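Asker: File final.json follows (JSON, C-alpha atoms (C1' of nucleotides)):
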```json
[["chain", "number", "residue", "atom", "x", "y", "z"],
["A", 53, "MET", "CA", 68.56, -41.20, 44.25],
["A", 54, "ALA", "CA", 68.12, -42.11, 40.68],
["A", 55, "LYS", "CA", 67.31, -45.57, 39.57],
["A", 56, "ALA", "CA", 65.79, -46.19, 36.21],
["A", 57, "PRO", "CA", 62.88, -43.85, 36.98],
["A", 58, "ARG", "CA", 64.46, -40.67, 38.16],
["A", 59, "CYS", "CA", 61.94, -39.45, 40.62],
["A", 60, "GLY", "CA", 59.61, -40.84, 43.19],
["A", 61, "PRO", "CA", 56.28, -42.50, 42.74],
["A", 62, "TYR", "CA", 54.23, -40.65, 40.22],
["A", 63, "ILE", "CA", 50.72, -39.76, 41.17],
["A", 64, "CYS", "CA", 49.61, -39.15, 37.61],
["A", 65, "GLY", "CA", 51.05, -39.19, 34.14],
["A", 66, "VAL", "CA", 51.49, -35.44, 33.99],
["A", 67, "ASP", "CA", 53.90, -35.83, 36.87],
["A", 68, "ALA", "CA", 56.01, -38.32, 35.00],
["A", 69, "ALA", "CA", 56.04, -36.26, 31.84],
["A", 70, "LEU", "CA", 56.92, -33.04, 33.64],
["A", 71, "ASP", "CA", 59.77, -34.80, 35.37],
["A", 72, "VAL", "CA", 61.23, -35.59, 31.99],
["A", 73, "VAL", "CA", 60.93, -32.10, 30.50],
["A", 74, "SER", "CA", 61.79, -30.08, 33.57],
["A", 75, "GLY", "CA", 65.18, -28.56, 33.08],
["A", 76, "LYS", "CA", 65.97, -25.15, 31.79],
["A", 77, "TRP", "CA", 66.78, -26.18, 28.23],
["A", 78, "LYS", "CA", 65.00, -29.44, 27.63],
["A", 79, "GLY", "CA", 62.01, -27.91, 25.96],
["A", 80, "LEU", "CA", 64.24, -26.04, 23.56],
["A", 81, "ILE", "CA", 66.40, -29.08, 22.90],
["A", 82, "LEU", "CA", 63.30, -31.03, 22.02],
["A", 83, "TRP", "CA", 62.19, -28.23, 19.75],
["A", 84, "GLU", "CA", 65.57, -27.95, 18.02],
["A", 85, "LEU", "CA", 65.81, -31.66, 17.54],
["A", 86, "ASP", "CA", 62.32, -31.78, 16.14],
["A", 87, "THR", "CA", 62.76, -29.00, 13.59],
["A", 88, "HIS", "CA", 66.14, -30.14, 12.33],
["A", 89, "ARG", "CA", 65.95, -33.92, 12.38],
["A", 90, "VAL", "CA", 69.51, -34.32, 13.57],
["A", 91, "ARG", "CA", 71.96, -31.96, 15.19],
["A", 92, "ARG", "CA", 75.54, -32.03, 16.32],
["A", 93, "PHE", "CA", 76.64, -30.81, 19.73],
["A", 94, "ALA", "CA", 78.01, -27.50, 18.54],
["A", 95, "GLU", "CA", 74.94, -26.89, 16.40],
["A", 96, "LEU", "CA", 72.67, -27.36, 19.38],
["A", 97, "ARG", "CA", 74.86, -25.08, 21.41],
["A", 98, "ARG", "CA", 74.56, -22.35, 18.82],
["A", 99, "GLY", "CA", 70.82, -22.95, 18.63],
["A", 100, "LEU", "CA", 70.29, -22.39, 22.35],
["A", 101, "PRO", "CA", 71.37, -18.87, 23.18],
["A", 102, "GLY", "CA", 73.17, -18.77, 26.50],
["A", 103, "VAL", "CA", 73.46, -22.45, 27.29],
["A", 104, "SER", "CA", 76.72, -23.62, 28.81],
["A", 105, "GLU", "CA", 78.47, -26.70, 27.53],
["A", 106, "LYS", "CA", 78.06, -28.39, 30.86],
["A", 107, "MET", "CA", 74.32, -27.93, 30.95],
["A", 108, "LEU", "CA", 73.92, -29.01, 27.38],
["A", 109, "THR", "CA", 75.88, -32.20, 27.95],
["A", 110, "GLN", "CA", 74.07, -32.85, 31.18],
["A", 111, "HIS", "CA", 70.62, -32.37, 29.73],
["A", 112, "LEU", "CA", 71.44, -34.43, 26.68],
["A", 113, "ARG", "CA", 72.69, -37.25, 28.88],
["A", 114, "GLU", "CA", 69.57, -37.17, 31.00],
["A", 115, "MET", "CA", 67.36, -37.17, 27.97],
["A", 116, "GLU", "CA", 69.34, -40.04, 26.57],
["A", 117, "ALA", "CA", 68.90, -41.94, 29.82],
["A", 118, "ASP", "CA", 65.20, -41.16, 29.64],
["A", 119, "GLY", "CA", 65.08, -42.62, 26.16],
["A", 120, "LEU", "CA", 64.15, -39.36, 24.46],
["A", 121, "VAL", "CA", 67.21, -38.70, 22.34],
["A", 122, "HIS", "CA", 69.53, -40.94, 20.43],
["A", 123, "ARG", "CA", 73.24, -40.27, 20.58],
["A", 124, "GLU", "CA", 75.35, -41.43, 17.69],
["A", 125, "VAL", "CA", 79.11, -41.17, 18.10],
["A", 126, "TYR", "CA", 81.27, -41.44, 15.04],
["A", 127, "ALA", "CA", 84.76, -42.68, 15.79],
["A", 128, "GLU", "CA", 86.38, -40.11, 13.58],
["A", 129, "VAL", "CA", 88.80, -37.30, 13.94],
["A", 130, "PRO", "CA", 87.70, -34.69, 14.75],
["A", 131, "PRO", "CA", 85.06, -36.33, 16.91],
["A", 132, "ARG", "CA", 81.53, -36.12, 15.62],
["A", 133, "VAL", "CA", 78.42, -36.73, 17.68],
["A", 134, "GLU", "CA", 74.94, -36.52, 16.31],
["A", 135, "TYR", "CA", 71.80, -36.19, 18.36],
["A", 136, "SER", "CA", 68.31, -37.03, 17.20],
["A", 137, "LEU", "CA", 64.93, -37.79, 18.70],
["A", 138, "THR", "CA", 63.94, -41.36, 19.40],
["A", 139, "GLU", "CA", 60.44, -42.61, 18.81],
["A", 140, "HIS", "CA", 59.67, -41.69, 22.42],
["A", 141, "GLY", "CA", 61.06, -38.24, 22.00],
["A", 142, "HIS", "CA", 58.95, -37.78, 18.95],
["A", 143, "THR", "CA", 55.71, -38.81, 20.63],
["A", 144, "LEU", "CA", 56.61, -36.61, 23.58],
["A", 145, "ASN", "CA", 57.01, -33.70, 21.26],
["A", 146, "GLN", "CA", 53.63, -34.38, 19.76],
["A", 147, "ALA", "CA", 52.14, -34.54, 23.24],
["A", 148, "LEU", "CA", 53.83, -31.22, 23.90],
["A", 149, "GLY", "CA", 52.09, -29.70, 20.89],
["A", 150, "PRO", "CA", 48.88, -28.58, 22.60],
["A", 151, "LEU", "CA", 50.89, -27.23, 25.50],
["A", 152, "GLY", "CA", 53.00, -25.20, 23.13],
["A", 153, "ALA", "CA", 49.88, -23.82, 21.51],
["A", 154, "TRP", "CA", 48.52, -22.91, 24.91],
["A", 155, "GLY", "CA", 51.75, -21.16, 25.79],
["A", 156, "THR", "CA", 51.79, -19.23, 22.55],
["A", 157, "GLU", "CA", 48.21, -18.16, 23.14],
["A", 158, "ARG", "CA", 49.16, -17.06, 26.62],
["A", 159, "ILE", "CA", 52.07, -14.98, 25.39],
["A", 160, "ARG", "CA", 49.81, -13.33, 22.85],
["A", 161, "ARG", "CA", 47.18, -12.64, 25.47],
["A", 162, "GLU", "CA", 49.70, -11.12, 27.82],
["A", 163, "ALA", "CA", 50.92, -8.83, 25.08],
["A", 164, "ILE", "CA", 47.37, -7.63, 24.53],
["A", 165, "ASP", "CA", 46.85, -7.13, 28.25],
["A", 166, "MET", "CA", 49.96, -5.00, 28.43],
["A", 167, "VAL", "CA", 48.65, -2.79, 25.66],
["A", 168, "ASP", "CA", 45.33, -2.51, 27.48],
["A", 169, "VAL", "CA", 47.01, -1.51, 30.69],
["A", 170, "ALA", "CA", 49.21, 1.10, 29.02],
["A", 171, "PRO", "CA", 46.78, 2.68, 26.60],
["A", 172, "GLN", "CA", 48.45, 5.98, 25.84],
["A", 173, "THR", "CA", 50.19, 4.95, 22.64],
["A", 174, "SER", "CA", 47.05, 3.90, 20.87],
["A", 175, "HIS", "CA", 43.93, 1.88, 21.43],
["A", 176, "ARG", "CA", 44.43, -1.81, 21.33],
["B", 272, "MET", "CA", 60.14, -12.15, 41.77],
["B", 273, "ALA", "CA", 57.16, -12.02, 39.49],
["B", 274, "LYS", "CA", 55.86, -9.36, 37.22],
["B", 275, "ALA", "CA", 53.24, -10.30, 34.71],
["B", 276, "PRO", "CA", 55.57, -12.55, 32.71],
["B", 277, "ARG", "CA", 57.60, -14.40, 35.29],
["B", 278, "CYS", "CA", 60.55, -15.45, 33.26],
["B", 279, "GLY", "CA", 62.65, -14.05, 30.50],
["B", 280, "PRO", "CA", 61.86, -13.88, 26.84],
["B", 281, "TYR", "CA", 60.23, -17.05, 25.72],
["B", 282, "ILE", "CA", 61.65, -18.72, 22.68],
["B", 283, "CYS", "CA", 58.59, -20.83, 22.07],
["B", 284, "GLY", "CA", 55.22, -21.51, 23.59],
["B", 285, "VAL", "CA", 56.33, -24.70, 25.30],
["B", 286, "ASP", "CA", 58.73, -22.55, 27.26],
["B", 287, "ALA", "CA", 55.98, -20.29, 28.50],
["B", 288, "ALA", "CA", 53.72, -23.18, 29.41],
["B", 289, "LEU", "CA", 56.44, -25.09, 31.23],
["B", 290, "ASP", "CA", 57.26, -21.99, 33.20],
["B", 291, "VAL", "CA", 53.73, -21.96, 34.49],
["B", 292, "VAL", "CA", 53.51, -25.64, 35.47],
["B", 293, "SER", "CA", 57.02, -26.12, 36.79],
["B", 294, "GLY", "CA", 56.83, -26.46, 40.51],
["B", 295, "LYS", "CA", 56.68, -29.61, 42.51],
["B", 296, "TRP", "CA", 52.94, -29.61, 43.11],
["B", 297, "LYS", "CA", 51.41, -27.52, 40.36],
["B", 298, "GLY", "CA", 50.56, -30.44, 38.16],
["B", 299, "LEU", "CA", 48.77, -32.13, 41.03],
["B", 300, "ILE", "CA", 46.99, -28.95, 42.06],
["B", 301, "LEU", "CA", 45.71, -28.57, 38.54],
["B", 302, "TRP", "CA", 44.57, -32.17, 38.59],
["B", 303, "GLU", "CA", 42.81, -31.84, 41.95],
["B", 304, "LEU", "CA", 41.12, -28.65, 40.94],
["B", 305, "ASP", "CA", 40.00, -30.20, 37.69],
["B", 306, "THR", "CA", 38.47, -33.35, 39.21],
["B", 307, "HIS", "CA", 36.68, -31.59, 42.06],
["B", 308, "ARG", "CA", 35.51, -28.31, 40.59],
["B", 309, "VAL", "CA", 36.23, -26.35, 43.73],
["B", 310, "ARG", "CA", 38.40, -27.04, 46.75],
["B", 311, "ARG", "CA", 39.24, -25.38, 50.01],
["B", 312, "PHE", "CA", 42.78, -24.94, 51.26],
["B", 313, "ALA", "CA", 42.68, -27.79, 53.73],
["B", 314, "GLU", "CA", 41.02, -30.08, 51.20],
["B", 315, "LEU", "CA", 43.82, -29.47, 48.73],
["B", 316, "ARG", "CA", 46.35, -30.06, 51.44],
["B", 317, "ARG", "CA", 44.82, -33.39, 52.25],
["B", 318, "GLY", "CA", 44.68, -34.22, 48.56],
["B", 319, "LEU", "CA", 48.40, -33.67, 48.00],
["B", 320, "PRO", "CA", 50.28, -36.15, 50.15],
["B", 321, "GLY", "CA", 53.34, -34.54, 51.68],
["B", 322, "VAL", "CA", 52.84, -30.94, 50.69],
["B", 323, "SER", "CA", 53.68, -28.32, 53.28],
["B", 324, "GLU", "CA", 51.38, -25.41, 53.95],
["B", 325, "LYS", "CA", 54.01, -22.99, 52.80],
["B", 326, "MET", "CA", 54.45, -24.62, 49.42],
["B", 327, "LEU", "CA", 50.75, -24.97, 48.88],
["B", 328, "THR", "CA", 50.11, -21.29, 49.61],
["B", 329, "GLN", "CA", 53.07, -20.28, 47.51],
["B", 330, "HIS", "CA", 52.06, -22.36, 44.51],
["B", 331, "LEU", "CA", 48.47, -21.28, 44.74],
["B", 332, "ARG", "CA", 49.52, -17.63, 44.82],
["B", 333, "GLU", "CA", 51.73, -18.06, 41.80],
["B", 334, "MET", "CA", 49.03, -19.83, 39.90],
["B", 335, "GLU", "CA", 46.60, -17.10, 40.84],
["B", 336, "ALA", "CA", 49.07, -14.49, 39.60],
["B", 337, "ASP", "CA", 49.40, -16.50, 36.41],
["B", 338, "GLY", "CA", 45.66, -16.43, 35.99],
["B", 339, "LEU", "CA", 45.18, -20.18, 36.34],
["B", 340, "VAL", "CA", 43.21, -20.41, 39.54],
["B", 341, "HIS", "CA", 40.53, -18.27, 41.07],
["B", 342, "ARG", "CA", 40.64, -17.53, 44.77],
["B", 343, "GLU", "CA", 37.44, -16.71, 46.53],
["B", 344, "VAL", "CA", 37.66, -15.53, 50.11],
["B", 345, "TYR", "CA", 34.54, -15.58, 52.23],
["B", 346, "ALA", "CA", 34.64, -13.07, 55.04],
["B", 347, "GLU", "CA", 33.30, -15.51, 57.56],
["B", 348, "VAL", "CA", 34.42, -17.03, 60.77],
["B", 349, "PRO", "CA", 36.11, -19.45, 60.60],
["B", 350, "PRO", "CA", 37.79, -18.22, 57.44],
["B", 351, "ARG", "CA", 36.84, -19.99, 54.24],
["B", 352, "VAL", "CA", 38.76, -19.82, 51.01],
["B", 353, "GLU", "CA", 37.76, -21.64, 47.88],
["B", 354, "TYR", "CA", 40.00, -22.33, 44.94],
["B", 355, "SER", "CA", 38.86, -23.19, 41.46],
["B", 356, "LEU", "CA", 40.23, -23.19, 37.95],
["B", 357, "THR", "CA", 39.77, -20.19, 35.73],
["B", 358, "GLU", "CA", 39.04, -20.50, 32.05],
["B", 359, "HIS", "CA", 42.77, -20.38, 31.44],
["B", 360, "GLY", "CA", 43.46, -23.06, 33.96],
["B", 361, "HIS", "CA", 40.88, -25.20, 32.31],
["B", 362, "THR", "CA", 42.33, -24.86, 28.84],
["B", 363, "LEU", "CA", 45.78, -25.49, 30.28],
["B", 364, "ASN", "CA", 44.55, -28.68, 31.78],
["B", 365, "GLN", "CA", 43.15, -29.75, 28.46],
["B", 366, "ALA", "CA", 46.46, -28.94, 26.82],
["B", 367, "LEU", "CA", 48.10, -31.05, 29.49],
["B", 368, "GLY", "CA", 45.92, -34.00, 28.57],
["B", 369, "PRO", "CA", 48.13, -35.50, 25.84],
["B", 370, "LEU", "CA", 51.17, -35.00, 28.03],
["B", 371, "GLY", "CA", 49.50, -36.88, 30.83],
["B", 372, "ALA", "CA", 48.67, -39.71, 28.47],
["B", 373, "TRP", "CA", 52.27, -39.81, 27.31],
["B", 374, "GLY", "CA", 53.47, -39.94, 30.90],
["B", 375, "THR", "CA", 51.09, -42.74, 31.76],
["B", 376, "GLU", "CA", 52.26, -44.68, 28.76],
["B", 377, "ARG", "CA", 55.83, -44.11, 29.83],
["B", 378, "ILE", "CA", 55.20, -45.36, 33.34],
["B", 379, "ARG", "CA", 53.56, -48.46, 31.92],
["B", 380, "ARG", "CA", 56.45, -49.05, 29.58],
["B", 381, "GLU", "CA", 59.00, -48.70, 32.36],
["B", 382, "ALA", "CA", 57.13, -51.22, 34.45],
["B", 383, "ILE", "CA", 57.30, -53.66, 31.56],
["B", 384, "ASP", "CA", 61.00, -52.98, 31.08],
["B", 385, "MET", "CA", 61.66, -53.70, 34.72],
["B", 386, "VAL", "CA", 59.97, -57.06, 34.42],
["B", 387, "ASP", "CA", 62.03, -57.76, 31.32],
["B", 388, "VAL", "CA", 65.25, -56.78, 32.98],
["B", 389, "ALA", "CA", 64.61, -58.50, 36.29],
["B", 390, "PRO", "CA", 62.99, -61.86, 35.71],
["B", 391, "GLN", "CA", 62.47, -62.89, 39.28],
["B", 392, "THR", "CA", 64.99, -65.25, 40.88],
["B", 393, "SER", "CA", 67.49, -65.79, 38.10],
["B", 394, "HIS", "CA", 70.82, -64.06, 37.79],
["B", 395, "ARG", "CA", 70.82, -60.53, 39.11],
["C", 200, "DA", "C1'", 104.69, -24.26, 17.23],
["C", 201, "DT", "C1'", 100.73, -22.30, 18.62],
["C", 202, "DC", "C1'", 95.77, -21.38, 17.93],
["C", 203, "DG", "C1'", 91.35, -22.80, 17.83],
["C", 204, "DC", "C1'", 87.80, -26.38, 16.92],
["C", 205, "DC", "C1'", 85.46, -30.52, 18.62],
["C", 206, "DC", "C1'", 83.01, -32.74, 22.57],
["C", 207, "DC", "C1'", 83.10, -33.20, 26.43],
["C", 208, "DT", "C1'", 84.65, -33.67, 32.05],
["C", 209, "DT", "C1'", 85.66, -31.95, 36.55],
["C", 210, "DA", "C1'", 85.78, -28.78, 40.51],
["C", 211, "DC", "C1'", 83.88, -25.10, 42.59],
["C", 212, "DA", "C1'", 80.41, -21.41, 43.56],
["C", 213, "DA", "C1'", 76.05, -19.15, 43.28],
["C", 214, "DG", "C1'", 71.19, -19.15, 43.35],
["C", 215, "DA", "C1'", 66.63, -21.01, 43.41],
["C", 216, "DA", "C1'", 63.47, -24.30, 45.04],
["C", 217, "DG", "C1'", 61.72, -26.77, 48.60],
["C", 218, "DG", "C1'", 61.22, -28.41, 53.60],
["C", 219, "DT", "C1'", 60.66, -27.55, 58.86],
["C", 220, "DA", "C1'", 58.90, -25.35, 62.46],
["C", 221, "DA", "C1'", 56.96, -21.84, 64.77],
["C", 222, "DG", "C1'", 53.76, -17.83, 65.12],
["C", 223, "DT", "C1'", 49.23, -15.17, 64.05],
["C", 224, "DA", "C1'", 44.23, -14.36, 64.82],
["C", 225, "DC", "C1'", 39.89, -15.99, 65.48],
["C", 226, "DC", "C1'", 36.42, -19.40, 66.80],
["C", 227, "DG", "C1'", 33.72, -23.66, 68.68],
["C", 228, "DC", "C1'", 33.90, -27.50, 71.71],
["C", 229, "DA", "C1'", 34.78, -30.06, 76.01],
["D", 59, "DT", "C1'", 41.16, -23.20, 80.03],
["D", 60, "DG", "C1'", 43.14, -25.72, 76.68],
["D", 61, "DC", "C1'", 42.78, -28.08, 72.24],
["D", 62, "DG", "C1'", 41.89, -28.36, 67.52],
["D", 63, "DG", "C1'", 40.46, -26.39, 63.15],
["D", 64, "DT", "C1'", 40.94, -22.54, 59.39],
["D", 65, "DA", "C1'", 44.28, -20.15, 56.40],
["D", 66, "DC", "C1'", 47.97, -18.46, 56.20],
["D", 67, "DT", "C1'", 53.07, -15.84, 57.22],
["D", 68, "DT", "C1'", 57.78, -15.72, 58.58],
["D", 69, "DA", "C1'", 62.47, -17.20, 59.55],
["D", 70, "DC", "C1'", 65.79, -20.46, 58.88],
["D", 71, "DC", "C1'", 68.04, -24.28, 56.74],
["D", 72, "DT", "C1'", 68.95, -27.95, 53.29],
["D", 73, "DT", "C1'", 69.00, -29.72, 48.72],
["D", 74, "DC", "C1'", 68.81, -29.33, 43.87],
["D", 75, "DT", "C1'", 69.78, -26.86, 39.76],
["D", 76, "DT", "C1'", 72.44, -23.90, 37.13],
["D", 77, "DG", "C1'", 76.53, -21.23, 36.04],
["D", 78, "DT", "C1'", 81.76, -20.32, 35.68],
["D", 79, "DA", "C1'", 86.08, -21.64, 34.71],
["D", 80, "DA", "C1'", 89.44, -24.63, 33.57],
["D", 81, "DG", "C1'", 91.46, -28.77, 31.31],
["D", 82, "DG", "C1'", 92.18, -32.58, 27.79],
["D", 83, "DG", "C1'", 93.43, -35.08, 23.54],
["D", 84, "DG", "C1'", 93.63, -35.02, 18.76],
["D", 85, "DC", "C1'", 93.99, -32.46, 14.48],
["D", 86, "DG", "C1'", 93.99, -28.78, 10.63],
["D", 87, "DA", "C1'", 95.23, -24.12, 9.78],
["D", 88, "DT", "C1'", 98.37, -20.09, 10.50]]
```
Translate this file's structure into structure tokens.
Answerer:
Amino acid sequence: MAKAPRCGPYICGVDAALDVVSGKWKGLILWELDTHRVRRFAELRRGLPGVSEKMLTQHLREMEADGLVHREVYAEVPPRVEYSLTEHGHTLNQALGPLGAWGTERIRREAIDMVDVAPQTSHR
Amino acid sequence: MAKAPRCGPYICGVDAALDVVSGKWKGLILWELDTHRVRRFAELRRGLPGVSEKMLTQHLREMEADGLVHREVYAEVPPRVEYSLTEHGHTLNQALGPLGAWGTERIRREAIDMVDVAPQTSHR
DNA sequence: ATCGCCCCTTACAAGAAGGTAAGTACCGCA
DNA sequence: TGCGGTACTTACCTTCTTGTAAGGGGCGAT
């Protein structure tokens, strides 16, 4: 069920983009890879609290297939693999910027709402 | 299944935003509701090819709980319900803009790649 | 020699998301 | 009287995603 494009016919661009970032850890992987330019497998694992090795590998492979991350394997011992964002991954991250800002705003707003709803401690 | 914040502790804003738009039809619902300012249930259903009534109701309820859409019920016969974007939904859609552009670009690029890879009748 | 690190892979199991189909209650139309 | 339209709800089932656990091959450290 997966050819080059993973999912069906996209109705709009948002669809296509969401398809590529949907996955429990992909947003965080993107974030990690953007802050630190390049990360090794174990570094990413430590950076994502609670991720299993399987999921990390799987997501990284999908993102590689989607052309978002670059995977550089060094034929050394012990094995070393470095992940970094491709040009595409980078532009995606930039496109994700406003969304991240919106999300942050939303979190902030929810925090305020919670204080409003439970007003005994102090006024907001 | 859903308190005010639906999912766990968000690491970054992208997380929170993705949580809110992840769902097979939410992107499209947002799009529909943004183009036409206000839509009724059956109109939305006709606008999203292949959506089931259950999923549409479910997604709309979640988005209402998330403060993205406004649901106006008219106590008439036959029943009439109108959905529209809230202020939040609107800003979300704007934040989704760059992502949509990225997705569109990606679709275009894939189409080009496919032509590159499969030049009509030659070797497979 | 055994342990643990590195970067995975595989098999299996659980859970969430989504789809199908039917039912509800009311009405206008033929 | 029966059909279709409106806006759902419910029960059941399938598929997709995620998690758990184990293994594997090479090497440095204990």
Asker: How many Å lie between C1' of DA229 (chain C) and C1' of DT64 (chain D), rounded to one decimal?
Answerer: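 Taking C1' of DA229 (chain C) as the start and C1' of DT64 (chain D) as the end point, the length is 19.3 Å.
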Asker: Pull out every residue of chain A sitting within 9 Å of chain B, counting all atoms listed in the file, and send them as a PyMOL selection string.
Answerer: chain A and resi 56-57+62-70+72-74+76-77+79-80+83+140+143-144+146-159+162+166
Asker: Given the selection you just returned, output its residues as a file containing C-alpha atoms, formatted as a PDB file, keeping the file's coordinate frame.
Answerer:
```pdb
ATOM      1  CA  ALA A  56      65.790 -46.190  36.210  1.00  0.00           C
ATOM      2  CA  PRO A  57      62.880 -43.850  36.980  1.00  0.00           C
ATOM      3  CA  TYR A  62      54.230 -40.650  40.220  1.00  0.00           C
ATOM      4  CA  ILE A  63      50.720 -39.760  41.170  1.00  0.00           C
ATOM      5  CA  CYS A  64      49.610 -39.150  37.610  1.00  0.00           C
ATOM      6  CA  GLY A  65      51.050 -39.190  34.140  1.00  0.00           C
ATOM      7  CA  VAL A  66      51.490 -35.440  33.990  1.00  0.00           C
ATOM      8  CA  ASP A  67      53.900 -35.830  36.870  1.00  0.00           C
ATOM      9  CA  ALA A  68      56.010 -38.320  35.000  1.00  0.00           C
ATOM     10  CA  ALA A  69      56.040 -36.260  31.840  1.00  0.00           C
ATOM     11  CA  LEU A  70      56.920 -33.040  33.640  1.00  0.00           C
ATOM     12  CA  VAL A  72      61.230 -35.590  31.990  1.00  0.00           C
ATOM     13  CA  VAL A  73      60.930 -32.100  30.500  1.00  0.00           C
ATOM     14  CA  SER A  74      61.790 -30.080  33.570  1.00  0.00           C
ATOM     15  CA  LYS A  76      65.970 -25.150  31.790  1.00  0.00           C
ATOM     16  CA  TRP A  77      66.780 -26.180  28.230  1.00  0.00           C
ATOM     17  CA  GLY A  79      62.010 -27.910  25.960  1.00  0.00           C
ATOM     18  CA  LEU A  80      64.240 -26.040  23.560  1.00  0.00           C
ATOM     19  CA  TRP A  83      62.190 -28.230  19.750  1.00  0.00           C
ATOM     20  CA  HIS A 140      59.670 -41.690  22.420  1.00  0.00           C
ATOM     21  CA  THR A 143      55.710 -38.810  20.630  1.00  0.00           C
ATOM     22  CA  LEU A 144      56.610 -36.610  23.580  1.00  0.00           C
ATOM     23  CA  GLN A 146      53.630 -34.380  19.760  1.00  0.00           C
ATOM     24  CA  ALA A 147      52.140 -34.540  23.240  1.00  0.00           C
ATOM     25  CA  LEU A 148      53.830 -31.220  23.900  1.00  0.00           C
ATOM     26  CA  GLY A 149      52.090 -29.700  20.890  1.00  0.00           C
ATOM     27  CA  PRO A 150      48.880 -28.580  22.600  1.00  0.00           C
ATOM     28  CA  LEU A 151      50.890 -27.230  25.500  1.00  0.00           C
ATOM     29  CA  GLY A 152      53.000 -25.200  23.130  1.00  0.00           C
ATOM     30  CA  ALA A 153      49.880 -23.820  21.510  1.00  0.00           C
ATOM     31  CA  TRP A 154      48.520 -22.910  24.910  1.00  0.00           C
ATOM     32  CA  GLY A 155      51.750 -21.160  25.790  1.00  0.00           C
ATOM     33  CA  THR A 156      51.790 -19.230  22.550  1.00  0.00           C
ATOM     34  CA  GLU A 157      48.210 -18.160  23.140  1.00  0.00           C
ATOM     35  CA  ARG A 158      49.160 -17.060  26.620  1.00  0.00           C
ATOM     36  CA  ILE A 159      52.070 -14.980  25.390  1.00  0.00           C
ATOM     37  CA  GLU A 162      49.700 -11.120  27.820  1.00  0.00           C
ATOM     38  CA  MET A 166      49.960  -5.000  28.430  1.00  0.00           C
TER      39      MET A 166
END
```
Asker: Can you pull out the residues contacting region 66-73 of chain D? Cut-off 10 Å, using all atoms listed in the file, and skip same-chain residues under 5 positions away; I want them as a VMD selection string.
Answerer: (chain B and resid 312 324 to 325 328) or (chain C and resid 216 to 223)
Asker: CA of Thr306 (chain B) to CA of Arg380 (chain B): how many Å, to one decimal?
Answerer: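 The value is 25.7 Å.
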Asker: Pull the closest atom pair for each residue of chain A that gets at most 8 Å from chain D, along with the distance in Å to one decimal, counting all atoms listed in the file, ordering rows by chain and then ascending residue number, as a tab-separated table.
Answerer:
```
residue	atom	partner	partner_atom	distance
A:Ser104	CA	D:DG77	C1'	7.6
A:Met107	CA	D:DT76	C1'	7.6
A:Val129	CA	D:DC85	C1'	7.1
A:Pro130	CA	D:DC85	C1'	6.7
```
Asker: Just C-alpha atoms for this one: save the residues we selected as a PDB file, in the frame of the given file.
Answerer:
```
ATOM      1  CA  SER A 104      76.720 -23.620  28.810  1.00  0.00           C
ATOM      2  CA  MET A 107      74.320 -27.930  30.950  1.00  0.00           C
ATOM      3  CA  VAL A 129      88.800 -37.300  13.940  1.00  0.00           C
ATOM      4  CA  PRO A 130      87.700 -34.690  14.750  1.00  0.00           C
TER       5      PRO A 130
END
```
